[in-house]
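Source file: data02.pdb (PDB, C-alpha atoms)
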ATOM      1  CA  LEU A 205       0.000   0.000   0.000  1.00  0.00           C
ATOM      2  CA  LYS A 206       1.472   3.319  -1.074  1.00  0.00           C
ATOM      3  CA  SER A 207       1.122   6.277   1.277  1.00  0.00           C
ATOM      4  CA  ASP A 208      -0.422   9.586   0.245  1.00  0.00           C
ATOM      5  CA  ILE A 209       1.810  12.661   0.019  1.00  0.00           C
ATOM      6  CA  ALA A 210       0.724  16.268   0.556  1.00  0.00           C
ATOM      7  CA  LEU A 211       2.425  19.653   0.169  1.00  0.00           C
ATOM      8  CA  SER A 212       0.437  22.670   1.341  1.00  0.00           C
ATOM      9  CA  GLU A 213       0.593  26.215   2.749  1.00  0.00           C
ATOM     10  CA  ASN A 214       3.420  27.442   0.509  1.00  0.00           C
ATOM     11  CA  ALA A 215       5.644  24.412   1.060  1.00  0.00           C
ATOM     12  CA  ARG A 216       8.683  24.104  -1.232  1.00  0.00           C
ATOM     13  CA  ILE A 217      10.797  21.326  -2.652  1.00  0.00           C
ATOM     14  CA  ASP A 218      13.731  23.221  -4.153  1.00  0.00           C
ATOM     15  CA  VAL A 219      16.795  21.594  -5.738  1.00  0.00           C
ATOM     16  CA  SER A 220      17.879  24.646  -7.751  1.00  0.00           C
ATOM     17  CA  GLY A 221      21.518  25.614  -8.080  1.00  0.00           C
ATOM     18  CA  SER A 222      24.555  25.763 -10.354  1.00  0.00           C
ATOM     19  CA  GLU A 223      23.992  22.038 -10.750  1.00  0.00           C
ATOM     20  CA  ALA A 224      20.304  21.465 -10.094  1.00  0.00           C
ATOM     21  CA  GLY A 225      19.505  18.355  -8.102  1.00  0.00           C
ATOM     22  CA  SER A 226      16.788  15.763  -8.644  1.00  0.00           C
ATOM     23  CA  VAL A 227      13.389  15.078  -7.088  1.00  0.00           C
ATOM     24  CA  PHE A 228      11.838  11.611  -6.907  1.00  0.00           C
ATOM     25  CA  ILE A 229       8.305  11.217  -5.537  1.00  0.00           C
ATOM     26  CA  ARG A 230       6.431   7.912  -5.215  1.00  0.00           C
ATOM     27  CA  GLY A 231       3.029   7.602  -3.580  1.00  0.00           C
ATOM     28  CA  GLY A 232      -0.588   6.590  -3.718  1.00  0.00           C
ATOM     29  CA  GLN A 233      -2.078  10.072  -4.103  1.00  0.00           C
ATOM     30  CA  LEU A 234      -0.068  13.287  -4.431  1.00  0.00           C
ATOM     31  CA  PHE A 235      -1.710  16.553  -3.364  1.00  0.00           C
ATOM     32  CA  VAL A 236       0.163  19.828  -3.961  1.00  0.00           C
ATOM     33  CA  ASP A 237      -1.806  22.873  -2.814  1.00  0.00           C
ATOM     34  CA  ASP A 238      -0.436  26.444  -3.015  1.00  0.00           C
ATOM     35  CA  SER A 239       3.084  24.980  -3.017  1.00  0.00           C
ATOM     36  CA  ALA A 240       5.935  24.424  -5.467  1.00  0.00           C
ATOM     37  CA  ILE A 241       8.559  22.067  -6.822  1.00  0.00           C
ATOM     38  CA  GLN A 242      11.573  23.924  -8.235  1.00  0.00           C
ATOM     39  CA  ALA A 243      14.596  22.668 -10.177  1.00  0.00           C
ATOM     40  CA  GLU A 244      16.244  25.751 -11.668  1.00  0.00           C
ATOM     41  CA  THR A 245      19.562  25.444 -13.543  1.00  0.00           C
ATOM     42  CA  LEU A 246      21.635  28.504 -12.572  1.00  0.00           C
ATOM     43  CA  GLY A 247      25.131  27.587 -13.777  1.00  0.00           C
ATOM     44  CA  ASP A 248      27.045  25.638 -16.398  1.00  0.00           C
ATOM     45  CA  ARG A 249      26.005  22.170 -15.237  1.00  0.00           C
ATOM     46  CA  ASP A 250      22.991  20.374 -16.644  1.00  0.00           C
ATOM     47  CA  GLY A 251      19.749  20.354 -14.712  1.00  0.00           C
ATOM     48  CA  GLY A 252      18.601  17.374 -12.732  1.00  0.00           C
ATOM     49  CA  ARG A 253      15.440  15.310 -12.925  1.00  0.00           C
ATOM     50  CA  VAL A 254      11.951  15.646 -11.471  1.00  0.00           C
ATOM     51  CA  ASP A 255      10.310  12.216 -11.459  1.00  0.00           C
ATOM     52  CA  ILE A 256       6.806  11.911  -9.978  1.00  0.00           C
ATOM     53  CA  ARG A 257       4.757   8.703  -9.956  1.00  0.00           C
ATOM     54  CA  ALA A 258       1.474   8.239  -8.111  1.00  0.00           C
ATOM     55  CA  GLU A 259      -1.996   6.850  -8.621  1.00  0.00           C
ATOM     56  CA  GLU A 260      -3.707  10.248  -8.539  1.00  0.00           C
ATOM     57  CA  ILE A 261      -1.952  13.629  -8.847  1.00  0.00           C
ATOM     58  CA  SER A 262      -3.442  17.073  -8.209  1.00  0.00           C
ATOM     59  CA  PHE A 263      -1.855  20.530  -8.124  1.00  0.00           C
ATOM     60  CA  THR A 264      -4.296  23.160  -6.863  1.00  0.00           C
ATOM     61  CA  ARG A 265      -4.527  26.835  -5.809  1.00  0.00           C
ATOM     62  CA  GLY A 266      -1.523  28.139  -7.723  1.00  0.00           C
ATOM     63  CA  ALA A 267       0.748  25.149  -7.133  1.00  0.00           C
ATOM     64  CA  ASN A 268       3.563  25.006  -9.659  1.00  0.00           C
ATOM     65  CA  ILE A 269       6.530  23.130 -11.075  1.00  0.00           C
ATOM     66  CA  ASN A 270       9.332  25.433 -12.226  1.00  0.00           C
ATOM     67  CA  CYS A 271      12.301  24.250 -14.301  1.00  0.00           C
ATOM     68  CA  PHE A 272      14.046  27.430 -15.450  1.00  0.00           C
ATOM     69  CA  VAL A 273      17.444  27.559 -17.188  1.00  0.00           C
ATOM     70  CA  GLU A 274      19.383  30.739 -16.334  1.00  0.00           C
ATOM     71  CA  GLY A 275      22.856  29.484 -17.239  1.00  0.00           C
ATOM     72  CA  THR A 276      24.603  27.474 -19.918  1.00  0.00           C
ATOM     73  CA  GLY A 277      23.545  24.084 -18.569  1.00  0.00           C
ATOM     74  CA  ARG A 278      20.692  22.098 -20.045  1.00  0.00           C
ATOM     75  CA  GLY A 279      17.323  22.312 -18.311  1.00  0.00           C
ATOM     76  CA  ALA A 280      15.866  19.648 -16.045  1.00  0.00           C
ATOM     77  CA  ASP A 281      13.908  16.648 -17.282  1.00  0.00           C
ATOM     78  CA  VAL A 282      10.428  16.291 -15.760  1.00  0.00           C
ATOM     79  CA  GLU A 283       8.484  13.017 -15.867  1.00  0.00           C
ATOM     80  CA  ILE A 284       5.035  12.793 -14.269  1.00  0.00           C
ATOM     81  CA  ARG A 285       3.102   9.543 -14.423  1.00  0.00           C
ATOM     82  CA  ALA A 286      -0.308   8.996 -12.839  1.00  0.00           C
ATOM     83  CA  GLY A 287      -2.121   5.677 -12.873  1.00  0.00           C
ATOM     84  CA  GLY A 288      -5.432   7.571 -12.884  1.00  0.00           C
ATOM     85  CA  SER A 289      -6.024  11.316 -13.148  1.00  0.00           C
ATOM     86  CA  PHE A 290      -3.648  14.280 -13.318  1.00  0.00           C
ATOM     87  CA  LEU A 291      -5.118  17.714 -12.451  1.00  0.00           C
ATOM     88  CA  PHE A 292      -3.717  21.263 -12.433  1.00  0.00           C
ATOM     89  CA  ALA A 293      -6.279  23.844 -11.299  1.00  0.00           C
ATOM     90  CA  GLY A 294      -6.894  27.157  -9.596  1.00  0.00           C
ATOM     91  CA  GLU A 295      -4.919  30.095  -8.283  1.00  0.00           C
ATOM     92  CA  ASN A 296      -3.647  31.208  -4.899  1.00  0.00           C
ATOM     93  CA  SER A 297      -4.708  34.224  -2.839  1.00  0.00           C
ATOM     94  CA  ASP A 298      -2.251  36.449  -4.773  1.00  0.00           C
ATOM     95  CA  GLY A 299      -3.841  35.495  -8.087  1.00  0.00           C
ATOM     96  CA  GLU A 300      -0.899  33.332  -9.187  1.00  0.00           C
ATOM     97  CA  ARG A 301      -2.130  30.554 -11.451  1.00  0.00           C
ATOM     98  CA  GLY A 302      -1.135  26.928 -11.355  1.00  0.00           C
ATOM     99  CA  ARG A 303       1.656  26.402 -13.862  1.00  0.00           C
ATOM    100  CA  ILE A 304       4.381  24.153 -15.183  1.00  0.00           C
ATOM    101  CA  GLY A 305       7.305  26.203 -16.510  1.00  0.00           C
ATOM    102  CA  VAL A 306      10.049  24.657 -18.662  1.00  0.00           C
ATOM    103  CA  GLU A 307      11.945  27.731 -19.791  1.00  0.00           C
ATOM    104  CA  THR A 308      15.365  29.073 -20.820  1.00  0.00           C
ATOM    105  CA  GLY A 309      16.340  32.629 -19.930  1.00  0.00           C
ATOM    106  CA  LEU A 310      20.001  33.392 -20.713  1.00  0.00           C
ATOM    107  CA  GLU A 311      20.104  35.828 -23.618  1.00  0.00           C
ATOM    108  CA  ASN A 312      23.404  34.904 -25.284  1.00  0.00           C
ATOM    109  CA  LYS A 313      24.892  32.303 -27.615  1.00  0.00           C
ATOM    110  CA  ASP A 314      25.921  30.046 -24.729  1.00  0.00           C
ATOM    111  CA  ALA A 315      22.425  29.688 -23.316  1.00  0.00           C
ATOM    112  CA  GLY A 316      21.493  26.169 -22.340  1.00  0.00           C
ATOM    113  CA  ASP A 317      18.731  24.199 -24.025  1.00  0.00           C
ATOM    114  CA  GLY A 318      15.445  23.582 -22.294  1.00  0.00           C
ATOM    115  CA  GLY A 319      14.829  20.146 -20.826  1.00  0.00           C
ATOM    116  CA  THR A 320      11.882  17.834 -21.327  1.00  0.00           C
ATOM    117  CA  LEU A 321       8.410  17.510 -19.821  1.00  0.00           C
ATOM    118  CA  LEU A 322       6.474  14.254 -20.047  1.00  0.00           C
ATOM    119  CA  ILE A 323       3.033  13.761 -18.479  1.00  0.00           C
ATOM    120  CA  GLU A 324       1.296  10.387 -18.742  1.00  0.00           C
ATOM    121  CA  ALA A 325      -2.057   9.568 -17.126  1.00  0.00           C
ATOM    122  CA  GLU A 326      -5.490   8.205 -17.888  1.00  0.00           C
ATOM    123  CA  ASP A 327      -6.905  11.742 -17.826  1.00  0.00           C
ATOM    124  CA  ILE A 328      -4.969  15.029 -17.929  1.00  0.00           C
ATOM    125  CA  ALA A 329      -6.830  18.233 -17.055  1.00  0.00           C
ATOM    126  CA  PHE A 330      -5.864  21.907 -16.726  1.00  0.00           C
ATOM    127  CA  ARG A 331      -8.599  24.049 -15.184  1.00  0.00           C
ATOM    128  CA  ASP A 332      -9.310  27.627 -14.115  1.00  0.00           C
ATOM    129  CA  GLY A 333      -6.391  29.223 -15.966  1.00  0.00           C
ATOM    130  CA  ALA A 334      -3.710  26.657 -15.110  1.00  0.00           C
ATOM    131  CA  PHE A 335      -1.091  26.378 -17.845  1.00  0.00           C
ATOM    132  CA  ILE A 336       2.126  24.938 -19.254  1.00  0.00           C
ATOM    133  CA  ASN A 337       4.670  27.471 -20.490  1.00  0.00           C
ATOM    134  CA  SER A 338       7.659  26.500 -22.637  1.00  0.00           C
ATOM    135  CA  PHE A 339       9.759  29.406 -23.878  1.00  0.00           C
ATOM    136  CA  THR A 340      13.320  30.244 -24.817  1.00  0.00           C
ATOM    137  CA  THR A 341      14.769  33.782 -24.601  1.00  0.00           C
ATOM    138  CA  GLY A 342      18.356  33.129 -25.725  1.00  0.00           C
ATOM    139  CA  GLU A 343      20.017  30.839 -28.259  1.00  0.00           C
ATOM    140  CA  GLY A 344      19.117  27.695 -26.365  1.00  0.00           C
ATOM    141  CA  ARG A 345      16.452  25.459 -27.891  1.00  0.00           C
ATOM    142  CA  GLY A 346      13.096  25.325 -26.148  1.00  0.00           C
ATOM    143  CA  ALA A 347      11.906  22.350 -24.135  1.00  0.00           C
ATOM    144  CA  GLU A 348      10.222  19.217 -25.465  1.00  0.00           C
ATOM    145  CA  VAL A 349       6.719  18.816 -23.986  1.00  0.00           C
ATOM    146  CA  THR A 350       4.747  15.569 -24.336  1.00  0.00           C
ATOM    147  CA  LEU A 351       1.303  14.685 -22.946  1.00  0.00           C
ATOM    148  CA  ARG A 352      -0.087  11.149 -23.300  1.00  0.00           C
ATOM    149  CA  ALA A 353      -3.499  10.119 -21.965  1.00  0.00           C
ATOM    150  CA  ASP A 354      -6.918   8.737 -22.827  1.00  0.00           C
ATOM    151  CA  SER A 355      -8.198  12.306 -22.590  1.00  0.00           C
ATOM    152  CA  VAL A 356      -6.542  15.728 -22.361  1.00  0.00           C
ATOM    153  CA  SER A 357      -8.732  18.715 -21.502  1.00  0.00           C
ATOM    154  CA  LEU A 358      -8.070  22.428 -20.992  1.00  0.00           C
ATOM    155  CA  ALA A 359     -10.988  24.464 -19.682  1.00  0.00           C
ATOM    156  CA  GLY A 360     -11.931  27.622 -17.833  1.00  0.00           C
ATOM    157  CA  GLU A 361     -10.087  30.759 -16.857  1.00  0.00           C
ATOM    158  CA  SER A 362      -8.545  32.525 -13.886  1.00  0.00           C
ATOM    159  CA  SER A 363     -10.178  35.361 -11.943  1.00  0.00           C
ATOM    160  CA  LYS A 364      -8.307  37.789 -14.248  1.00  0.00           C
ATOM    161  CA  GLY A 365      -9.622  36.145 -17.400  1.00  0.00           C
ATOM    162  CA  TRP A 366      -6.554  34.080 -18.400  1.00  0.00           C
ATOM    163  CA  GLY A 367      -7.609  30.861 -20.075  1.00  0.00           C
ATOM    164  CA  SER A 368      -6.037  27.493 -19.387  1.00  0.00           C
ATOM    165  CA  SER A 369      -3.311  27.028 -21.961  1.00  0.00           C
ATOM    166  CA  ILE A 370      -0.179  25.392 -23.310  1.00  0.00           C
ATOM    167  CA  THR A 371       2.286  27.805 -24.934  1.00  0.00           C
ATOM    168  CA  VAL A 372       5.505  27.105 -26.863  1.00  0.00           C
ATOM    169  CA  HIS A 373       7.416  30.347 -27.583  1.00  0.00           C
ATOM    170  CA  ALA A 374      10.775  31.347 -29.074  1.00  0.00           C
ATOM    171  CA  LEU A 375      11.406  34.944 -27.995  1.00  0.00           C
ATOM    172  CA  GLU A 376      14.919  35.586 -29.356  1.00  0.00           C
ATOM    173  CA  SER A 377      17.372  33.632 -31.542  1.00  0.00           C
ATOM    174  CA  GLY A 378      16.814  30.193 -30.054  1.00  0.00           C
ATOM    175  CA  ASP A 379      14.451  27.744 -31.713  1.00  0.00           C
ATOM    176  CA  GLY A 380      11.106  27.096 -30.077  1.00  0.00           C
ATOM    177  CA  GLY A 381      10.463  23.798 -28.381  1.00  0.00           C
ATOM    178  CA  THR A 382       8.037  21.054 -29.325  1.00  0.00           C
ATOM    179  CA  LEU A 383       4.609  20.016 -28.072  1.00  0.00           C
ATOM    180  CA  LEU A 384       3.109  16.577 -28.669  1.00  0.00           C
ATOM    181  CA  ILE A 385      -0.325  15.642 -27.319  1.00  0.00           C
ATOM    182  CA  ASP A 386      -1.165  11.992 -27.900  1.00  0.00           C
ATOM    183  CA  ALA A 387      -4.651  11.174 -26.604  1.00  0.00           C
ATOM    184  CA  GLY A 388      -7.951   9.579 -27.468  1.00  0.00           C
ATOM    185  CA  ASP A 389      -9.806  12.873 -26.955  1.00  0.00           C
ATOM    186  CA  ILE A 390      -8.438  16.422 -26.814  1.00  0.00           C
ATOM    187  CA  SER A 391     -10.768  19.251 -25.763  1.00  0.00           C
ATOM    188  CA  LEU A 392     -10.332  22.999 -25.283  1.00  0.00           C
ATOM    189  CA  ARG A 393     -13.263  24.835 -23.688  1.00  0.00           C
ATOM    190  CA  GLY A 394     -14.173  28.185 -22.195  1.00  0.00           C
ATOM    191  CA  GLY A 395     -11.383  30.218 -23.797  1.00  0.00           C
ATOM    192  CA  ALA A 396      -8.629  27.638 -23.363  1.00  0.00           C
ATOM    193  CA  PHE A 397      -5.921  27.678 -26.029  1.00  0.00           C
ATOM    194  CA  ILE A 398      -2.718  26.189 -27.387  1.00  0.00           C
ATOM    195  CA  GLU A 399      -0.204  28.615 -28.875  1.00  0.00           C
ATOM    196  CA  SER A 400       3.095  28.281 -30.742  1.00  0.00           C
ATOM    197  CA  ALA A 401       4.900  31.517 -31.602  1.00  0.00           C
ATOM    198  CA  THR A 402       8.279  32.902 -32.586  1.00  0.00           C
ATOM    199  CA  HIS A 403       9.138  36.547 -31.916  1.00  0.00           C
ATOM    200  CA  GLY A 404      12.793  36.575 -32.990  1.00  0.00           C
ATOM    201  CA  ARG A 405      15.237  34.873 -35.370  1.00  0.00           C
ATOM    202  CA  GLY A 406      14.621  31.372 -34.031  1.00  0.00           C
ATOM    203  CA  ARG A 407      12.318  28.827 -35.623  1.00  0.00           C
ATOM    204  CA  GLY A 408       8.858  28.616 -34.150  1.00  0.00           C
ATOM    205  CA  GLY A 409       7.885  25.713 -31.967  1.00  0.00           C
ATOM    206  CA  GLU A 410       6.262  22.573 -33.350  1.00  0.00           C
ATOM    207  CA  VAL A 411       2.812  21.451 -32.191  1.00  0.00           C
ATOM    208  CA  THR A 412       1.547  17.933 -32.965  1.00  0.00           C
ATOM    209  CA  LEU A 413      -1.862  16.607 -31.927  1.00  0.00           C
ATOM    210  CA  LYS A 414      -2.606  12.893 -32.282  1.00  0.00           C
ATOM    211  CA  ALA A 415      -6.166  12.038 -31.288  1.00  0.00           C
ATOM    212  CA  ASP A 416      -9.362  10.253 -32.247  1.00  0.00           C
ATOM    213  CA  SER A 417     -11.229  13.514 -31.691  1.00  0.00           C
ATOM    214  CA  VAL A 418     -10.285  17.167 -31.132  1.00  0.00           C
ATOM    215  CA  SER A 419     -12.964  19.611 -29.954  1.00  0.00           C
ATOM    216  CA  LEU A 420     -12.847  23.385 -29.403  1.00  0.00           C
ATOM    217  CA  ALA A 421     -15.850  25.061 -27.823  1.00  0.00           C
ATOM    218  CA  GLY A 422     -16.892  28.176 -25.963  1.00  0.00           C
ATOM    219  CA  GLU A 423     -15.111  31.389 -25.138  1.00  0.00           C
ATOM    220  CA  GLY A 424     -13.696  33.194 -22.146  1.00  0.00           C
ATOM    221  CA  SER A 425     -15.139  36.234 -20.396  1.00  0.00           C
ATOM    222  CA  GLY A 426     -13.140  38.532 -22.693  1.00  0.00           C
ATOM    223  CA  GLY A 427     -14.780  37.065 -25.770  1.00  0.00           C
ATOM    224  CA  TYR A 428     -11.770  35.018 -26.846  1.00  0.00           C
ATOM    225  CA  SER A 429     -12.737  31.674 -28.342  1.00  0.00           C
ATOM    226  CA  SER A 430     -11.004  28.421 -27.498  1.00  0.00           C
ATOM    227  CA  ASN A 431      -8.371  28.108 -30.186  1.00  0.00           C
ATOM    228  CA  ILE A 432      -5.059  26.813 -31.487  1.00  0.00           C
ATOM    229  CA  TYR A 433      -2.733  29.634 -32.575  1.00  0.00           C
ATOM    230  CA  MET A 434       0.411  29.515 -34.740  1.00  0.00           C
ATOM    231  CA  GLN A 435       2.275  32.851 -34.985  1.00  0.00           C
ATOM    232  CA  ALA A 436       5.529  34.103 -36.562  1.00  0.00           C
ATOM    233  CA  GLN A 437       6.348  37.710 -35.633  1.00  0.00           C
ATOM    234  CA  GLY A 438      10.116  37.773 -36.202  1.00  0.00           C
ATOM    235  CA  SER A 439      12.537  36.604 -38.862  1.00  0.00           C
ATOM    236  CA  GLY A 440      12.468  32.966 -37.750  1.00  0.00           C
TER
END

Would you mind writing the file out in structure tokens?
Amino acid sequence: LKSDIALSENARIDVSGSEAGSVFIRGGQLFVDDSAIQAETLGDRDGGRVDIRAEEISFTRGANINCFVEGTGRGADVEIRAGGSFLFAGENSDGERGRIGVETGLENKDAGDGGTLLIEAEDIAFRDGAFINSFTTGEGRGAEVTLRADSVSLAGESSKGWGSSITVHALESGDGGTLLIDAGDISLRGGAFIESATHGRGRGGEVTLKADSVSLAGEGSGGYSSNIYMQAQGSG
């Protein structure tokens, strides 16, 4: 029998550093509420690994996973596997939304590449403005993001009107990352969106959806429809 694990009230698991460490979590149910797991790469060593496996996984009230690359090392690799459901939902009292960030931020030619994010579960859901953000701001390549499930759904918005989303951006000279969603059903509702964009010289990110059905329905409070956007605003 696997024990349940809970992080709450702004708890932190932080293995950031010049050589980011690794996090391994095994349990029956994992509850992360208004808390964070951080593995930031701040130096020239490669990031570590965040490996989470549980039967049910929920991140609520602004809980987040942050894997930021601020040096020349490669970003962390994140693997999350749930036997049942995986949920990211809600915001905290400061209005910070639940998020998974796999990002590079050193703006020079030596910037490290982003890592990888893999989420596997029966059902994957992002609610109430929760989001995945993959971006690169230097010459490092963006992260590789993969979601595999029977169903993947993004729905709803935050109190400030931000829809649940997955974004893959290249902001400078680095190439954007990749997004693969492999699921039986993919749904975006209530202003939720997927966006790939390049704003600089780098190539835009790649978005691949493999599904039996893909549905987009509804709009957010600002009148924005659920959508999939592909943008090129620079020379990439």

- Kindly resolve the PyMOL selection byres ((chain A and resi 422) around 8) on the present coordinates and return the residues as a ChimeraX atom specification. /A:393-395,420-421,423-424,429-430

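With all atoms listed in the file as the basis for measurement, A:Val227 is the residue among A:Val227, A:Ile209, A:Ala258, A:Ala325 that approaches A:Asp281 most closely.
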
- Task: List the residues matched by the PyMOL selection byres ((chain A and resi 214) around 10) in the displayed structure as a list in words, ordered by chain and then by residue number.
- Result: Leu211, Ser212, Glu213, Ala215, Arg216, Val236, Asp237, Asp238, Ser239, Ala240, Gly266, Ala267 and Asn296 of chain A

- Residues matched by the PyMOL selection byres ((chain A and resi 304) around 9), written as number ranges by chain: A: 267-271, 302-303, 305-306, 334-338

- Neighbours of A:Gly287 within 12 Å (only C-alpha atoms; same-chain residues fewer than 4 positions away dropped), as a PyMOL selection string? chain A and resi 230-234+256-261+323-328+352-354

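Checking A:Ala396, A:Leu322, A:Leu375, A:Ile229 one by one against A:Ser362, counting all atoms listed in the file, you find the shortest gap at A:Ala396.
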
- Message: Can you measure atom CA of A:Ile284 to atom CA of A:Gly381 for me? One decimal in Å is fine.
- Response: 18.7 Å

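Residues having any atom no farther than 6 Å from (-2.2, 15.2, -28.8) (counting all atoms listed in the file) are Leu384, Ile385, Asp386, Ala387, Leu413, Lys414 and Ala415 of chain A.
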
- Query: Please, what distance in Å, to one decimal, runs between atom CA of A:Thr308 and atom CA of A:Ala401?
  - Reply: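 Calculated distance between atom CA of A:Thr308 and atom CA of A:Ala401 is 15.2 Å.
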
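For the atom pair formed by atom CA of A:Val282 and atom CA of A:Gly319, the distance is 7.7 Å, given to one decimal.
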
- Residue neighbourhood A:Ala243, 6 Å, only C-alpha atoms, exclusion window fewer than 6 positions, as a list of chain:residue names: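 Residues meeting the cut-off are A:Val219, A:Ser220, A:Ala224, A:Cys271.
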
Please, could you write that set of residues out with C-alpha atoms as a short mmCIF file (atom, residue, chain, number, x, y, z; two decimals), in the frame of the given file?
data_model
loop_
_atom_site.label_atom_id
_atom_site.label_comp_id
_atom_site.auth_asym_id
_atom_site.auth_seq_id
_atom_site.Cartn_x
_atom_site.Cartn_y
_atom_site.Cartn_z
CA VAL A 219 16.80 21.59 -5.74
CA SER A 220 17.88 24.65 -7.75
CA ALA A 224 20.30 21.46 -10.09
CA CYS A 271 12.30 24.25 -14.30
#

- Query: So which one's closest to A:Thr320, A:Phe272, A:Trp366, A:Phe290, A:Tyr433? Using all atoms listed in the file, please.
  - Reply: A:Phe272

Expected axis-aligned box over every listed atom of stretch 425-429 of chain A, 8 Å added per side, centre plus edges in Å to one decimal, as AutoDock Vina command-line options:
--center_x -13.5 --center_y 35.1 --center_z -24.4 --size_x 19.4 --size_y 22.9 --size_z 23.9

- Compare A:Val273, A:Met434, A:Ala329, A:Ala280 by their minimum atom-to-atom distance to A:Ser357, counting all atoms listed in the file, and give me the closest one.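 Nearest candidate to A:Ser357 out of A:Val273, A:Met434, A:Ala329, A:Ala280: A:Ala329.
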
- Query: Which residue out of A:Ile241, A:Leu392, A:Ile432, A:Val411 has the minimum interatomic distance to A:Ala359 when all atoms listed in the file are used?
  - Reply: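 The shortest atom-to-atom distance to A:Ala359 comes from A:Leu392.
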
- Item | Residue nearest A:Thr412 - candidates A:Leu321, A:Leu351, A:Leu291, A:Ala374, atoms counted: only C-alpha atoms |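 With only C-alpha atoms as the atom set, the closest residue is A:Leu351.
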